[in-house]
file entry-v2.txt (compact mmCIF, C-alpha atoms)
# COMPACT_ATOMS: atom_id res chain seq x y z
CA MET A 1 15.99 -25.97 10.56
CA ASP A 2 13.66 -27.94 8.28
CA GLU A 3 14.75 -26.87 4.76
CA ARG A 4 11.73 -28.49 3.12
CA THR A 5 9.34 -26.57 5.34
CA TYR A 6 11.11 -23.32 4.53
CA GLU A 7 11.29 -23.97 0.78
CA ARG A 8 7.62 -24.96 0.69
CA GLY A 9 6.74 -21.69 2.38
CA LEU A 10 9.08 -19.64 0.23
CA SER A 11 7.77 -21.08 -3.03
CA ARG A 12 4.27 -19.85 -2.20
CA ALA A 13 5.20 -16.64 -0.42
CA LEU A 14 3.64 -13.63 -2.07
CA ASN A 15 5.49 -10.75 -0.40
CA GLY A 16 7.42 -12.46 2.38
CA CYS A 17 6.80 -14.65 5.40
CA GLN A 18 6.18 -14.79 9.14
CA VAL A 19 8.49 -17.14 11.05
CA PHE A 20 7.84 -18.94 14.33
CA ASP A 21 9.23 -21.60 16.66
CA TYR A 22 12.85 -22.09 15.61
CA GLY A 23 15.48 -23.14 18.13
CA VAL A 24 18.65 -21.24 18.97
CA THR A 25 20.78 -23.50 16.77
CA ASP A 26 18.47 -22.82 13.79
CA LEU A 27 18.75 -19.03 13.86
CA ARG A 28 21.84 -18.63 11.70
CA GLY A 29 20.37 -20.75 8.90
CA LEU A 30 17.00 -19.08 9.17
CA ARG A 31 18.54 -15.61 9.04
CA SER A 32 20.47 -16.45 5.88
CA GLN A 33 17.25 -17.62 4.21
CA LEU A 34 15.35 -14.50 5.21
CA TYR A 35 17.80 -12.29 3.32
CA SER A 36 15.97 -13.34 0.14
CA MET A 37 12.59 -12.18 1.47
CA PRO A 38 11.14 -8.80 0.47
CA SER A 39 9.89 -8.49 4.06
CA PHE A 40 9.15 -10.66 7.05
CA SER A 41 7.63 -10.62 10.51
CA ILE A 42 8.08 -12.81 13.57
CA HIS A 43 5.54 -14.68 15.65
CA ALA A 44 6.83 -15.23 19.19
CA PRO A 45 8.71 -17.26 20.20
CA LEU A 46 11.92 -16.88 18.23
CA PRO A 47 14.05 -18.51 19.39
CA THR A 48 12.06 -21.16 21.22
CA PRO A 49 13.46 -21.59 24.76
CA GLN A 50 14.42 -25.17 25.57
CA ASP A 51 13.30 -24.74 29.19
CA TYR A 52 9.97 -23.03 28.51
CA PRO A 53 7.29 -24.44 30.87
CA ALA A 54 4.79 -25.41 28.12
CA HIS A 55 4.29 -25.46 24.36
CA ALA A 56 6.12 -22.61 22.71
CA SER A 57 2.97 -20.71 21.76
CA THR A 58 1.52 -20.69 25.29
CA SER A 59 1.42 -17.31 27.02
CA PHE A 60 1.58 -17.07 30.81
CA LEU A 61 1.19 -13.30 31.09
CA LEU A 62 -2.05 -13.71 33.07
CA ASP A 63 -1.06 -16.89 34.90
CA PRO A 64 -1.18 -16.97 38.72
CA ASP A 65 2.37 -18.40 38.77
CA SER A 66 4.81 -15.47 38.78
CA ALA A 67 7.68 -17.68 37.58
CA LYS A 68 5.69 -18.65 34.48
CA ARG A 69 4.76 -15.02 33.85
CA GLN A 70 8.43 -14.11 33.96
CA ALA A 71 9.28 -16.98 31.60
CA THR A 72 6.93 -15.49 29.01
CA LEU A 73 8.34 -11.99 29.48
CA ASP A 74 11.89 -13.32 29.13
CA MET A 75 10.93 -15.21 25.98
CA LEU A 76 9.30 -12.11 24.50
CA ARG A 77 12.33 -9.95 25.25
CA ARG A 78 14.56 -12.40 23.40
CA THR A 79 12.12 -12.52 20.49
CA VAL A 80 11.78 -8.76 20.15
CA ASN A 81 15.56 -8.40 20.41
CA VAL A 82 15.98 -10.81 17.48
CA ALA A 83 13.28 -8.94 15.56
CA ALA A 84 15.12 -5.65 16.05
CA GLN A 85 18.49 -7.08 15.04
CA TRP A 86 17.08 -8.74 11.93
CA GLY A 87 14.80 -5.91 10.82
CA ALA A 88 11.45 -7.67 11.21
CA GLN A 89 8.41 -5.52 10.51
CA TYR A 90 6.66 -6.48 13.76
CA VAL A 91 6.22 -9.28 16.30
CA VAL A 92 2.97 -11.16 16.96
CA VAL A 93 2.43 -12.19 20.59
CA HIS A 94 -0.10 -14.37 22.37
CA PHE A 95 -1.49 -12.73 25.49
CA GLY A 96 -4.27 -14.27 27.56
CA GLY A 97 -3.04 -17.85 27.77
CA LEU A 98 -5.31 -20.60 29.03
CA HIS A 99 -6.31 -19.72 32.58
CA SER A 100 -5.99 -17.35 35.51
CA ASP A 101 -7.38 -19.75 38.10
CA GLY A 102 -7.55 -18.45 41.66
CA LEU A 103 -7.15 -14.79 40.74
CA SER A 104 -9.80 -12.17 41.38
CA ARG A 105 -11.14 -9.98 38.61
CA SER A 106 -9.16 -7.00 39.84
CA GLU A 107 -5.97 -9.08 40.03
CA ILE A 108 -6.44 -10.27 36.43
CA LEU A 109 -6.95 -6.73 35.15
CA THR A 110 -3.90 -5.56 37.06
CA LEU A 111 -1.82 -8.32 35.49
CA ALA A 112 -3.23 -7.47 32.05
CA HIS A 113 -2.29 -3.80 32.33
CA ASP A 114 1.10 -4.61 33.83
CA ALA A 115 1.80 -7.02 30.95
CA ALA A 116 0.58 -4.56 28.32
CA SER A 117 2.71 -1.82 29.82
CA GLN A 118 5.79 -4.06 29.76
CA LEU A 119 5.11 -5.12 26.16
CA ASP A 120 4.65 -1.50 25.12
CA ALA A 121 7.93 -0.54 26.81
CA LEU A 122 9.66 -3.50 25.17
CA GLY A 123 8.46 -2.49 21.72
CA GLN A 124 9.56 1.10 22.25
CA GLU A 125 12.96 0.04 23.59
CA PHE A 126 13.69 -2.00 20.46
CA SER A 127 11.59 0.10 18.03
CA VAL A 128 9.53 -2.93 17.01
CA PRO A 129 5.69 -2.82 16.85
CA LEU A 130 3.91 -5.59 18.75
CA HIS A 131 0.64 -7.12 17.52
CA VAL A 132 -1.40 -8.86 20.22
CA GLU A 133 -3.31 -11.82 18.80
CA TYR A 134 -6.93 -12.15 19.90
CA ALA A 135 -7.98 -15.49 21.40
CA ALA A 136 -10.68 -16.45 23.91
CA TYR A 137 -9.17 -19.56 25.49
CA ASN A 138 -8.67 -17.95 28.89
CA PRO A 139 -12.23 -17.60 30.26
CA SER A 140 -11.06 -14.84 32.60
CA PHE A 141 -9.84 -12.62 29.73
CA SER A 142 -11.74 -13.57 26.60
CA SER A 143 -13.84 -10.62 25.48
CA PRO A 144 -12.73 -8.81 22.31
CA ASP A 145 -13.88 -5.55 23.91
CA GLU A 146 -11.48 -6.17 26.81
CA LEU A 147 -8.56 -6.64 24.47
CA VAL A 148 -9.42 -3.57 22.41
CA GLU A 149 -9.76 -1.42 25.52
CA LEU A 150 -6.40 -2.69 26.79
CA VAL A 151 -4.44 -2.35 23.54
CA SER A 152 -5.86 1.07 22.67
CA GLY A 153 -4.23 2.47 25.78
CA TYR A 154 -0.70 1.76 24.53
CA ALA A 155 0.78 3.40 21.45
CA GLY A 156 3.15 0.51 20.71
CA LEU A 157 0.48 -2.20 20.67
CA ASP A 158 -1.94 -3.20 17.92
CA ILE A 159 -4.04 -6.28 17.22
CA CYS A 160 -3.40 -9.32 15.06
CA LEU A 161 -6.79 -10.63 13.94
CA ASP A 162 -6.55 -14.38 13.56
CA ILE A 163 -9.85 -15.06 11.81
CA GLY A 164 -9.93 -18.71 12.88
CA HIS A 165 -9.35 -17.97 16.55
CA ALA A 166 -11.87 -15.14 16.34
CA ARG A 167 -14.56 -17.55 15.12
CA VAL A 168 -13.66 -20.06 17.85
CA GLY A 169 -13.88 -17.25 20.40
CA ALA A 170 -17.28 -16.16 19.13
CA GLN A 171 -18.57 -19.72 19.34
CA MET A 172 -17.15 -20.26 22.83
CA LEU A 173 -18.63 -17.00 24.11
CA ARG A 174 -21.88 -17.35 22.14
CA LEU A 175 -21.27 -14.03 20.40
CA ASP A 176 -22.16 -12.91 16.90
CA GLU A 177 -18.86 -13.43 15.10
CA TRP A 178 -19.35 -10.33 12.96
CA GLU A 179 -19.63 -8.25 16.10
CA VAL A 180 -16.30 -9.77 17.13
CA PHE A 181 -14.73 -8.95 13.76
CA GLU A 182 -16.16 -5.42 13.80
CA THR A 183 -14.86 -4.81 17.32
CA LEU A 184 -11.33 -5.90 16.43
CA ALA A 185 -11.08 -4.51 12.87
CA PRO A 186 -10.36 -0.83 13.71
CA HIS A 187 -7.28 -1.87 15.71
CA THR A 188 -6.08 -4.65 13.38
CA ARG A 189 -2.71 -4.24 11.67
CA SER A 190 -2.09 -7.89 10.72
CA MET A 191 -4.29 -10.91 10.05
CA HIS A 192 -3.85 -14.68 10.15
CA LEU A 193 -5.86 -16.38 7.44
CA TRP A 194 -7.21 -19.91 7.87
CA THR A 195 -10.73 -21.24 8.18
CA LEU A 196 -13.04 -23.62 10.01
CA ARG A 197 -16.68 -24.42 10.56
CA THR A 198 -16.64 -25.31 14.26
CA ARG A 199 -13.94 -25.99 16.82
CA GLU A 200 -14.10 -29.66 15.85
CA ASP A 201 -12.38 -28.69 12.60
CA THR A 202 -9.42 -27.34 14.55
CA ARG A 203 -9.17 -30.64 16.44
CA ARG A 204 -9.23 -32.62 13.18
CA TYR A 205 -7.35 -30.33 10.78
CA HIS A 206 -5.69 -27.67 12.97
CA HIS A 207 -5.52 -24.70 10.52
CA THR A 208 -7.46 -25.35 7.31
CA PRO A 209 -6.26 -23.26 4.33
CA VAL A 210 -8.65 -20.67 2.94
CA HIS A 211 -10.02 -21.63 -0.49
CA PRO A 212 -12.84 -20.37 -2.72
CA THR A 213 -14.61 -23.74 -2.46
CA LEU A 214 -14.83 -23.45 1.36
CA THR A 215 -17.78 -21.09 1.34
CA PRO A 216 -20.03 -19.49 3.97
CA ALA A 217 -22.88 -21.58 2.56
CA GLY A 218 -20.90 -24.64 3.66
CA GLY A 219 -20.35 -23.18 7.12
CA TRP A 220 -16.84 -21.80 6.56
CA ILE A 221 -15.69 -18.24 7.36
CA ASP A 222 -16.73 -15.56 4.88
CA VAL A 223 -13.17 -14.59 3.94
CA PRO A 224 -14.03 -11.90 1.34
CA ARG A 225 -16.32 -10.16 3.82
CA VAL A 226 -13.80 -10.10 6.66
CA LEU A 227 -11.03 -8.93 4.31
CA ASP A 228 -13.24 -6.09 3.13
CA LEU A 229 -14.08 -5.20 6.72
CA VAL A 230 -10.44 -4.87 7.73
CA LEU A 231 -8.82 -3.59 4.53
CA SER A 232 -11.38 -0.82 4.14
CA ARG A 233 -10.05 0.55 7.44
CA HIS A 234 -6.36 -0.32 7.12
CA PRO A 235 -5.32 -0.87 3.51
CA ALA A 236 -1.73 -1.83 4.34
CA CYS A 237 -2.67 -4.58 6.81
CA ASP A 238 -0.40 -7.62 6.64
CA LEU A 239 -2.15 -10.85 5.62
CA VAL A 240 -0.48 -14.09 6.73
CA PHE A 241 -1.57 -17.52 5.52
CA GLU A 242 -1.23 -19.51 8.75
CA ILE A 243 -2.02 -23.00 7.51
CA ASN A 244 -0.99 -26.64 7.46
CA SER A 245 -1.65 -29.55 5.13
CA ILE A 246 -3.85 -31.87 7.22
CA PHE A 247 -7.09 -30.90 5.45
CA SER A 248 -5.43 -31.13 2.03
CA SER A 249 -1.84 -32.06 1.30
CA ASP A 250 -2.09 -30.83 -2.31
CA PRO A 251 0.16 -27.76 -2.60
CA GLY A 252 -1.65 -26.77 -5.79
CA TRP A 253 -4.95 -26.62 -3.93
CA GLN A 254 -3.39 -24.50 -1.20
CA ALA A 255 -1.86 -22.22 -3.83
CA GLU A 256 -5.31 -21.77 -5.39
CA GLY A 257 -6.54 -20.38 -2.08
CA GLU A 258 -3.61 -17.99 -1.85
CA ASP A 259 -4.15 -16.84 -5.43
CA TRP A 260 -7.84 -16.32 -4.63
CA VAL A 261 -6.99 -14.02 -1.74
CA ARG A 262 -4.43 -12.21 -3.86
CA GLY A 263 -7.17 -11.65 -6.43
CA LEU A 264 -9.53 -10.30 -3.79
CA VAL A 265 -6.86 -7.85 -2.64
CA ALA A 266 -6.27 -6.78 -6.24
CA LEU A 267 -9.99 -6.05 -6.61
CA TYR A 268 -9.93 -3.90 -3.48
CA ASN A 269 -6.95 -2.01 -4.90
CA GLN A 270 -8.77 -1.37 -8.18
CA ARG A 271 -11.86 -0.17 -6.34
CA ASP A 272 -9.92 2.47 -4.39
CA PRO A 273 -6.76 3.15 -6.46
CA ASP A 274 -5.92 6.35 -4.56
CA LEU A 275 -5.53 4.51 -1.24
CA PRO A 276 -2.27 2.84 -0.18
CA ARG A 277 -1.80 -0.65 -1.60
CA ARG A 278 -3.98 -3.08 0.29
CA GLY A 279 -2.96 -6.26 1.96
CA VAL A 280 0.71 -7.26 2.07
CA LEU A 281 0.47 -11.06 1.82
CA HIS A 282 2.85 -13.38 3.67
CA VAL A 283 2.93 -17.10 4.30
CA GLY A 284 3.57 -18.45 7.80
CA VAL A 285 6.65 -20.68 8.13
CA GLN A 286 6.90 -22.75 11.30
CA ASN A 287 9.82 -25.05 11.98
CA ALA A 288 9.17 -28.82 11.62
CA THR A 289 5.45 -28.38 11.01
CA VAL A 290 2.96 -27.73 8.18
call {"tool": "encode", "arguments": {"input": "entry-v2.txt", "output": "structure tokens"}}
result
Amino acid sequence: MDERTYERGLSRALNGCQVFDYGVTDLRGLRSQLYSMPSFSIHAPLPTPQDYPAHASTSFLLDPDSAKRQATLDMLRRTVNVAAQWGAQYVVVHFGGLHSDGLSRSEILTLAHDAASQLDALGQEFSVPLHVEYAAYNPSFSSPDELVELVSGYAGLDICLDIGHARVGAQMLRLDEWEVFETLAPHTRSMHLWTLRTREDTRRYHHTPVHPTLTPAGGWIDVPRVLDLVLSRHPACDLVFEINSIFSSDPGWQAEGEDWVRGLVALYNQRDPDLPRRGVLHVGVQNATV
């Protein structure tokens, strides 16, 4: 376990953290650190399997290779089991993966419903909510409407709205990004906050931290608008800063962005004081990265 990565995340955590990509030998140390957190969630995988057939974040649930599909299901079972034992609030899962080459449309939809059914059963077995993260990288299952229709059919599944991946998806599909946000918002129970202008920014900077100087006028995501869109529907939505330091390595600058979002959430709370407290803010902590 990378202590510096954890401490850097903890020092800026507002109400807790979301952890991701720690190996089996790191779990004991990670668990002891999480005892100090007010709350936490898990982004699959946790633990990261040593024999997984690709990068840890890759989902094979819609892959034509049945062995790879099973590898993802096995990984998710282990992750949700850890989440239940540790008392995590929920688990975020990737779903569509990168491709479903060679499969017909009906075969892809069958796999999607089979996977969703298994995830729903897994969440109910361990009493852990699962948040499916929207992404459009699999051209055979990329529409936000498809994901909403799928998830809405299962009581144990909700959506994690990663605002960066949503913009990338809108650009890839040539959709109005606000139509994408509006489609996903009613089903969103957690959000990943980072920003970009175009997909080239993700290639150069990976996940750029949100910051008040990165404005819509400069081509960046309109963070206040998307927060308002989601929090007006679900005041208690979890907000996770899923960032790294490639764009700016200044922790003070990154903290300014987090304080800015905290201030926006406070304004929403003041506007509607009778509603539940809006926006539980976490910072993402990934092993050996950031």
call {"tool": "atom_distance", "arguments": {"input": "entry-v2.txt", "atom1": "CA of Gln89 in chain A", "atom2": "CA of Pro38 in chain A"}}
result
10.9 Å
call {"tool": "closest_residue", "arguments": {"input": "entry-v2.txt", "among": "A:His206, A:Thr198, A:Leu214, A:Val82", "to": "Ile246 in chain A", "atoms": "all atoms listed in the file"}}
result
A:His206
call {"tool": "atom_distance", "arguments": {"input": "entry-v2.txt", "atom1": "CA of Val230 in chain A", "atom2": "CA of Ser39 in chain A"}}
result
21.0 Å
call {"tool": "residues_around", "arguments": {"input": "entry-v2.txt", "residues": "Arg197 in chain A", "least_positions_apart": "5", "cutoff": "8 Å", "atoms": "all atoms listed in the file", "output": "PyMOL selection string"}}
result
chain A and resi 219-221
call {"tool": "atom_distance", "arguments": {"input": "entry-v2.txt", "atom1": "CA of Val265 in chain A", "atom2": "CA of Pro224 in chain A"}}
result
9.1 Å
call {"tool": "closest_residue", "arguments": {"input": "entry-v2.txt", "among": "A:Arg105, A:Arg77, A:His55, A:His187", "to": "Val128 in chain A", "atoms": "only C-alpha atoms"}}
result
A:Arg77
call {"tool": "closest_residue", "arguments": {"input": "entry-v2.txt", "among": "A:Asn138, A:Ser104, A:Thr183, A:Gln171", "to": "Leu229 in chain A", "atoms": "only C-alpha atoms"}}
result
A:Thr183
call {"tool": "residues_near_point", "arguments": {"input": "entry-v2.txt", "point": "(-2.3, -30.3, -1.2)", "cutoff": "12 Å", "atoms": "all atoms listed in the file", "output": "list in words"}}
result
Arg8, Thr208, Pro209, His211, Ile243, Asn244, Ser245, Ile246, Phe247, Ser248, Ser249, Asp250, Pro251, Gly252, Trp253, Gln254, Ala255, Glu256, Gly257 and Val290 of chain A
call {"tool": "closest_residue", "arguments": {"input": "entry-v2.txt", "among": "A:Gln270, A:Gln118, A:Thr202, A:Ser41", "to": "Asn15 in chain A", "atoms": "all atoms listed in the file"}}
result
A:Ser41
call {"tool": "closest_residue", "arguments": {"input": "entry-v2.txt", "among": "A:Gln85, A:Ser106, A:Ser100, A:Thr79", "to": "Leu122 in chain A", "atoms": "all atoms listed in the file"}}
result
A:Thr79
call {"tool": "closest_atom_pairs", "arguments": {"input": "entry-v2.txt", "of": "range 24-128 of chain A", "to": "range 147-168 of chain A", "cutoff": "9 Å", "atoms": "only C-alpha atoms", "output": "Markdown table"}}
result
| residue | atom | partner | partner_atom | distance |
| --- | --- | --- | --- | --- |
| A:Val92 | CA | A:Cys160 | CA | 6.9 |
| A:Val93 | CA | A:Cys160 | CA | 8.5 |
| A:Ala112 | CA | A:Leu150 | CA | 7.8 |
| A:His113 | CA | A:Leu150 | CA | 7.0 |
| A:Ala116 | CA | A:Val151 | CA | 7.3 |
| A:Ser117 | CA | A:Tyr154 | CA | 7.2 |
| A:Leu119 | CA | A:Leu157 | CA | 7.8 |
| A:Asp120 | CA | A:Gly156 | CA | 5.1 |
| A:Ala121 | CA | A:Gly156 | CA | 7.8 |
| A:Leu122 | CA | A:Gly156 | CA | 8.9 |
| A:Gly123 | CA | A:Gly156 | CA | 6.2 |
| A:Gln124 | CA | A:Gly156 | CA | 6.6 |
| A:Ser127 | CA | A:Gly156 | CA | 8.9 |
| A:Val128 | CA | A:Gly156 | CA | 8.1 |
call {"tool": "residues_around", "arguments": {"input": "entry-v2.txt", "residues": "Ala44 in chain A", "least_positions_apart": "2", "cutoff": "9 Å", "atoms": "only C-alpha atoms", "output": "list in words"}}
result
Val19, Phe20, Asp21, Ile42, Leu46, Pro47, Thr48, Ala56, Ser57, Met75, Leu76, Thr79, Val80, Val91, Val92, Val93 and His94 of chain A
call {"tool": "closest_residue", "arguments": {"input": "entry-v2.txt", "among": "A:Asp238, A:Asp51, A:Glu107, A:Asp74", "to": "Tyr90 in chain A", "atoms": "only C-alpha atoms"}}
result
A:Asp238
call {"tool": "residues_around", "arguments": {"input": "entry-v2.txt", "residues": "Ser59 in chain A", "least_positions_apart": "6", "cutoff": "7 Å", "atoms": "only C-alpha atoms", "output": "PDB file with C-alpha atoms, keeping the file's coordinate frame"}}
result
ATOM      1  CA  THR A  72       6.930 -15.490  29.010  1.00  0.00           C
ATOM      2  CA  HIS A  94      -0.100 -14.370  22.370  1.00  0.00           C
ATOM      3  CA  PHE A  95      -1.490 -12.730  25.490  1.00  0.00           C
ATOM      4  CA  GLY A  96      -4.270 -14.270  27.560  1.00  0.00           C
ATOM      5  CA  GLY A  97      -3.040 -17.850  27.770  1.00  0.00           C
TER       6      GLY A  97
END
call {"tool": "residues_near_point", "arguments": {"input": "entry-v2.txt", "point": "(-11.2, -4.3, 12.1)", "cutoff": "10 Å", "atoms": "all atoms listed in the file", "output": "list in words"}}
result
Ile159, Cys160, Leu161, Val180, Phe181, Glu182, Thr183, Leu184, Ala185, Pro186, His187, Thr188, Arg189, Ser190, Met191, Val226, Leu227, Asp228, Leu229, Val230, Leu231, Ser232, Arg233 and His234 of chain A
call {"tool": "residues_around", "arguments": {"input": "entry-v2.txt", "residues": "His99 in chain A", "least_positions_apart": "2", "cutoff": "9 Å", "atoms": "all atoms listed in the file", "output": "PyMOL selection string"}}
result
chain A and resi 60+62-64+96-97+101+137-141
call {"tool": "build_atoms", "arguments": {"input": "entry-v2.txt", "residues": "range 226-236 of chain A", "atoms": "all heavy atoms", "output": "PDB file, in the frame of the given file"}}
result
ATOM      1  N   VAL A 226     -14.663 -10.551   5.570  1.00  0.00           N
ATOM      2  CA  VAL A 226     -13.800 -10.100   6.660  1.00  0.00           C
ATOM      3  C   VAL A 226     -12.602  -9.322   6.116  1.00  0.00           C
ATOM      4  O   VAL A 226     -12.137  -8.350   6.726  1.00  0.00           O
ATOM      5  CB  VAL A 226     -13.361 -11.286   7.549  1.00  0.00           C
ATOM      6  CG1 VAL A 226     -12.374 -12.203   6.861  1.00  0.00           C
ATOM      7  CG2 VAL A 226     -12.773 -10.790   8.867  1.00  0.00           C
ATOM      8  N   LEU A 227     -12.106  -9.711   4.934  1.00  0.00           N
ATOM      9  CA  LEU A 227     -11.030  -8.930   4.310  1.00  0.00           C
ATOM     10  C   LEU A 227     -11.508  -7.513   4.008  1.00  0.00           C
ATOM     11  O   LEU A 227     -10.800  -6.536   4.266  1.00  0.00           O
ATOM     12  CB  LEU A 227     -10.555  -9.602   3.036  1.00  0.00           C
ATOM     13  CG  LEU A 227      -9.671 -10.837   3.186  1.00  0.00           C
ATOM     14  CD1 LEU A 227      -9.392 -11.446   1.821  1.00  0.00           C
ATOM     15  CD2 LEU A 227      -8.368 -10.498   3.896  1.00  0.00           C
ATOM     16  N   ASP A 228     -12.689  -7.406   3.452  1.00  0.00           N
ATOM     17  CA  ASP A 228     -13.240  -6.090   3.130  1.00  0.00           C
ATOM     18  C   ASP A 228     -13.407  -5.249   4.386  1.00  0.00           C
ATOM     19  O   ASP A 228     -13.112  -4.050   4.409  1.00  0.00           O
ATOM     20  CB  ASP A 228     -14.574  -6.263   2.409  1.00  0.00           C
ATOM     21  CG  ASP A 228     -15.057  -4.966   1.763  1.00  0.00           C
ATOM     22  OD1 ASP A 228     -14.214  -4.130   1.384  1.00  0.00           O
ATOM     23  OD2 ASP A 228     -16.277  -4.787   1.653  1.00  0.00           O
ATOM     24  N   LEU A 229     -13.868  -5.897   5.459  1.00  0.00           N
ATOM     25  CA  LEU A 229     -14.080  -5.200   6.720  1.00  0.00           C
ATOM     26  C   LEU A 229     -12.787  -4.591   7.244  1.00  0.00           C
ATOM     27  O   LEU A 229     -12.762  -3.434   7.692  1.00  0.00           O
ATOM     28  CB  LEU A 229     -14.661  -6.185   7.753  1.00  0.00           C
ATOM     29  CG  LEU A 229     -14.930  -5.649   9.152  1.00  0.00           C
ATOM     30  CD1 LEU A 229     -16.073  -4.649   9.142  1.00  0.00           C
ATOM     31  CD2 LEU A 229     -15.243  -6.808  10.109  1.00  0.00           C
ATOM     32  N   VAL A 230     -11.709  -5.341   7.176  1.00  0.00           N
ATOM     33  CA  VAL A 230     -10.440  -4.870   7.730  1.00  0.00           C
ATOM     34  C   VAL A 230      -9.711  -3.945   6.756  1.00  0.00           C
ATOM     35  O   VAL A 230      -9.236  -2.866   7.128  1.00  0.00           O
ATOM     36  CB  VAL A 230      -9.541  -6.068   8.115  1.00  0.00           C
ATOM     37  CG1 VAL A 230      -8.150  -5.580   8.532  1.00  0.00           C
ATOM     38  CG2 VAL A 230     -10.180  -6.866   9.241  1.00  0.00           C
ATOM     39  N   LEU A 231      -9.616  -4.364   5.487  1.00  0.00           N
ATOM     40  CA  LEU A 231      -8.820  -3.590   4.530  1.00  0.00           C
ATOM     41  C   LEU A 231      -9.446  -2.250   4.200  1.00  0.00           C
ATOM     42  O   LEU A 231      -8.738  -1.317   3.792  1.00  0.00           O
ATOM     43  CB  LEU A 231      -8.599  -4.404   3.261  1.00  0.00           C
ATOM     44  CG  LEU A 231      -7.760  -5.674   3.424  1.00  0.00           C
ATOM     45  CD1 LEU A 231      -7.591  -6.377   2.088  1.00  0.00           C
ATOM     46  CD2 LEU A 231      -6.408  -5.380   4.054  1.00  0.00           C
ATOM     47  N   SER A 232     -10.761  -2.131   4.364  1.00  0.00           N
ATOM     48  CA  SER A 232     -11.380  -0.820   4.140  1.00  0.00           C
ATOM     49  C   SER A 232     -10.952   0.174   5.214  1.00  0.00           C
ATOM     50  O   SER A 232     -11.001   1.387   4.990  1.00  0.00           O
ATOM     51  CB  SER A 232     -12.903  -0.961   4.140  1.00  0.00           C
ATOM     52  OG  SER A 232     -13.383  -1.411   5.402  1.00  0.00           O
ATOM     53  N   ARG A 233     -10.511  -0.324   6.362  1.00  0.00           N
ATOM     54  CA  ARG A 233     -10.050   0.550   7.440  1.00  0.00           C
ATOM     55  C   ARG A 233      -8.528   0.723   7.402  1.00  0.00           C
ATOM     56  O   ARG A 233      -8.019   1.797   7.688  1.00  0.00           O
ATOM     57  CB  ARG A 233     -10.470  -0.029   8.799  1.00  0.00           C
ATOM     58  CG  ARG A 233     -11.971   0.025   9.054  1.00  0.00           C
ATOM     59  CD  ARG A 233     -12.339  -0.849  10.239  1.00  0.00           C
ATOM     60  NE  ARG A 233     -13.709  -0.645  10.682  1.00  0.00           N
ATOM     61  CZ  ARG A 233     -14.775  -1.188  10.113  1.00  0.00           C
ATOM     62  NH1 ARG A 233     -14.620  -1.984   9.046  1.00  0.00           N
ATOM     63  NH2 ARG A 233     -15.984  -0.954  10.586  1.00  0.00           N
ATOM     64  N   HIS A 234      -7.824  -0.361   7.093  1.00  0.00           N
ATOM     65  CA  HIS A 234      -6.360  -0.320   7.120  1.00  0.00           C
ATOM     66  C   HIS A 234      -5.822  -1.016   5.868  1.00  0.00           C
ATOM     67  O   HIS A 234      -5.534  -2.218   5.886  1.00  0.00           O
ATOM     68  CB  HIS A 234      -5.838  -0.996   8.391  1.00  0.00           C
ATOM     69  CG  HIS A 234      -6.304  -0.335   9.645  1.00  0.00           C
ATOM     70  ND1 HIS A 234      -5.888   0.927  10.007  1.00  0.00           N
ATOM     71  CD2 HIS A 234      -7.181  -0.722  10.586  1.00  0.00           C
ATOM     72  CE1 HIS A 234      -6.496   1.277  11.139  1.00  0.00           C
ATOM     73  NE2 HIS A 234      -7.282   0.299  11.495  1.00  0.00           N
ATOM     74  N   PRO A 235      -5.693  -0.265   4.788  1.00  0.00           N
ATOM     75  CA  PRO A 235      -5.320  -0.870   3.510  1.00  0.00           C
ATOM     76  C   PRO A 235      -3.999  -1.622   3.520  1.00  0.00           C
ATOM     77  O   PRO A 235      -3.834  -2.570   2.761  1.00  0.00           O
ATOM     78  CB  PRO A 235      -5.256   0.344   2.565  1.00  0.00           C
ATOM     79  CG  PRO A 235      -6.142   1.363   3.188  1.00  0.00           C
ATOM     80  CD  PRO A 235      -5.997   1.168   4.667  1.00  0.00           C
ATOM     81  N   ALA A 236      -3.047  -1.209   4.348  1.00  0.00           N
ATOM     82  CA  ALA A 236      -1.730  -1.830   4.340  1.00  0.00           C
ATOM     83  C   ALA A 236      -1.594  -2.966   5.343  1.00  0.00           C
ATOM     84  O   ALA A 236      -0.485  -3.401   5.648  1.00  0.00           O
ATOM     85  CB  ALA A 236      -0.655  -0.781   4.608  1.00  0.00           C
TER      86      ALA A 236
END
